[in-house]
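A short write-up of the structure that comes next.
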Amino acid sequence: MNKELSGSAKKIQNFLIDNGFSCEVKELPDSTRTAEEAARAIGCDVAEIAKSLIFIDKATGNPILVIASGANQVDIKKIEHSKGLHLVKADGKFVKERVGFAIGGVPPVGHNEKIMTFLDPSLKKYEWIWAAAGTPFAVFRLSSHEIQKMTGGEFIDLAVK
């Protein structure tokens, strides 16, 4: 494992270990805040980045996590129509308070509360994908087949065509 990880990255590494996943959190010198930055810093295709986006369900006020391929734009209306939700994008304060991480470092796991999660099926095209690990400089690699087990998420059509 890396030298000592920062607080949020260490929290994700511990979550992964405690839940039986062998993924290793890595902190990089370059920013991974956006999918494009992450792909450059890692040296992979932007489509292999599992970007985490937080929305708010207007009916309940609860956070909703959407994990999409970095190459795809999310079509909120598709999610709303297929799941009967009314979503709005969460601001930084909401994300930090309810999810526990700053925008740009939101991981797919290890949140403050259980979050309903929707997954982009196009992530299944890749053997390996990369996800944020709690900070805008930390990532971990996981099998595309692990993401559903790891998050309890549901694969749904959510990309803009």
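Each chain in the structure tokens gets a letter, A, B and so on, in the order shown; residues start at 1 in every chain, and ligands are counted from 1 in the order they appear.
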
Within 7 Å of stretch 135-138 of chain A, which residues of stretch 2-121 of chain A come that close, and what is the closest atom pair and distance in Å for each? Count only C-alpha atoms and give it as JSON lines.
{"residue": "A:Ser8", "atom": "CA", "partner": "A:Thr135", "partner_atom": "CA", "distance": 6.4}
{"residue": "A:Ala9", "atom": "CA", "partner": "A:Ala138", "partner_atom": "CA", "distance": 6.3}
{"residue": "A:Val25", "atom": "CA", "partner": "A:Ala138", "partner_atom": "CA", "distance": 6.6}
{"residue": "A:Lys26", "atom": "CA", "partner": "A:Ala138", "partner_atom": "CA", "distance": 5.5}
{"residue": "A:Glu27", "atom": "CA", "partner": "A:Ala138", "partner_atom": "CA", "distance": 4.2}
{"residue": "A:Leu28", "atom": "CA", "partner": "A:Phe137", "partner_atom": "CA", "distance": 5.3}
{"residue": "A:Pro29", "atom": "CA", "partner": "A:Phe137", "partner_atom": "CA", "distance": 6.8}
{"residue": "A:Asp30", "atom": "CA", "partner": "A:Phe137", "partner_atom": "CA", "distance": 6.4}
{"residue": "A:Ser31", "atom": "CA", "partner": "A:Phe137", "partner_atom": "CA", "distance": 5.0}
{"residue": "A:Thr32", "atom": "CA", "partner": "A:Pro136", "partner_atom": "CA", "distance": 5.1}
{"residue": "A:Arg33", "atom": "CA", "partner": "A:Pro136", "partner_atom": "CA", "distance": 4.5}
{"residue": "A:Gly104", "atom": "CA", "partner": "A:Pro136", "partner_atom": "CA", "distance": 5.1}
{"residue": "A:Gly105", "atom": "CA", "partner": "A:Thr135", "partner_atom": "CA", "distance": 4.0}

Polymer residues at most 6 Å from A:Ala159, only C-alpha atoms, same-chain spacing of 3 or more positions, as a PDB file with N, CA, C and O atoms, in the first residue's frame:
ATOM      1  N   ASN A  72     -19.538   9.736 -20.692  1.00  0.00           N
ATOM      2  CA  ASN A  72     -20.971   9.959 -20.890  1.00  0.00           C
ATOM      3  C   ASN A  72     -21.490  11.158 -20.115  1.00  0.00           C
ATOM      4  O   ASN A  72     -21.082  11.410 -18.989  1.00  0.00           O
ATOM      5  N   GLN A  73     -22.440  11.829 -20.732  1.00  0.00           N
ATOM      6  CA  GLN A  73     -23.196  12.873 -20.057  1.00  0.00           C
ATOM      7  C   GLN A  73     -24.466  12.215 -19.526  1.00  0.00           C
ATOM      8  O   GLN A  73     -25.093  11.407 -20.217  1.00  0.00           O
ATOM      9  N   VAL A  74     -24.843  12.526 -18.295  1.00  0.00           N
ATOM     10  CA  VAL A  74     -26.012  11.922 -17.670  1.00  0.00           C
ATOM     11  C   VAL A  74     -27.279  12.659 -18.096  1.00  0.00           C
ATOM     12  O   VAL A  74     -27.331  13.887 -18.057  1.00  0.00           O
ATOM     13  N   ASP A  75     -28.282  11.886 -18.493  1.00  0.00           N
ATOM     14  CA  ASP A  75     -29.597  12.420 -18.859  1.00  0.00           C
ATOM     15  C   ASP A  75     -30.515  12.263 -17.642  1.00  0.00           C
ATOM     16  O   ASP A  75     -31.064  11.182 -17.401  1.00  0.00           O
TER      17      ASP A  75
END

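Closest to A:Asn62 among A:Ser6, A:Thr117, A:Ser122, A:Gln148 is A:Thr117, based on only C-alpha atoms.
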
Exercise. List every residue of stretch 23-160 of chain A that DSSP, applied to the backbone of this structure, assigns to alpha helix (DSSP H), and report them as number ranges by chain.
Key: A: 35-42, 76-83, 92-94, 146-151

Contacts of stretch 93-96 of chain A within 9 Å, only C-alpha atoms, excl. fewer than 6 positions in-chain, as a short mmCIF file (atom, residue, chain, number, x, y, z; two decimals) with C-alpha atoms, in the first residue's frame:
data_model
loop_
_atom_site.label_atom_id
_atom_site.label_comp_id
_atom_site.auth_asym_id
_atom_site.auth_seq_id
_atom_site.Cartn_x
_atom_site.Cartn_y
_atom_site.Cartn_z
CA ILE A 54 -24.81 13.48 -6.45
CA PHE A 55 -28.39 14.59 -7.00
CA ILE A 56 -31.21 15.30 -4.56
CA PRO A 63 -29.08 12.13 -1.91
CA ALA A 102 -16.21 17.18 -1.29
CA ILE A 103 -17.32 17.35 -4.92
CA VAL A 106 -16.90 11.59 -4.05
#

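With distances restricted to only C-alpha atoms, A:Ala47 is the closest residue to A:Lys124 from A:Leu53, A:Leu85, A:Ala47, A:Ile64.
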
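Considering only C-alpha atoms, the residue among A:Gly92, A:Glu48, A:Pro108, A:Glu36 positioned nearest to A:Ala132 is A:Pro108.
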
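Candidate residues A:Glu37, A:Lys78, A:Phe140, A:Gly110 were compared for distance to A:Lys161, and the nearest is A:Lys78, using only C-alpha atoms.
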
Exercise. Assign secondary structure with DSSP using the backbone only, and return the residues of stretch 29-161 of chain A in strand (DSSP E or B) as a PyMOL selection string.
Key: chain A and resi 49-57+63-69+74+87-89+116-119+128-132+138-143+154-155+159

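Between A:Ile156 and the candidates A:Ser69, A:Gln13, A:Ser82, A:Thr34, the tightest atom-to-atom separation, counting only C-alpha atoms, involves A:Ser82.
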
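Of the listed residues A:Phe21, A:Glu97, A:Ala59, A:His81, the one whose atoms come nearest to A:Ile147 is A:Phe21, with distances taken using only C-alpha atoms.
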
Practice problem: Identify, on the basis of only C-alpha atoms, every residue whose closest approach to A:Cys44 does not exceed 10 Å; exclude the query and any residue fewer than 4 positions from it along the same chain; express the result as a list in words. | Solution: Glu36, Ala38, Ala39, Arg40, Glu48, Ile49, Trp128, Ile129 and Trp130 of chain A

Self-check item: Residue neighbourhood A:Ile17, 12 Å, only C-alpha atoms, exclusion window fewer than 5 positions, as a VMD selection string
Solution: chain A and resid 1 10 to 12 22 to 25 109 to 110 150

Quiz prompt | Selection near A:Ser52, 7 Å with only C-alpha atoms, sequence-local residues under 6 positions removed, as a ChimeraX atom specification | solution = /A:65-68,106-108
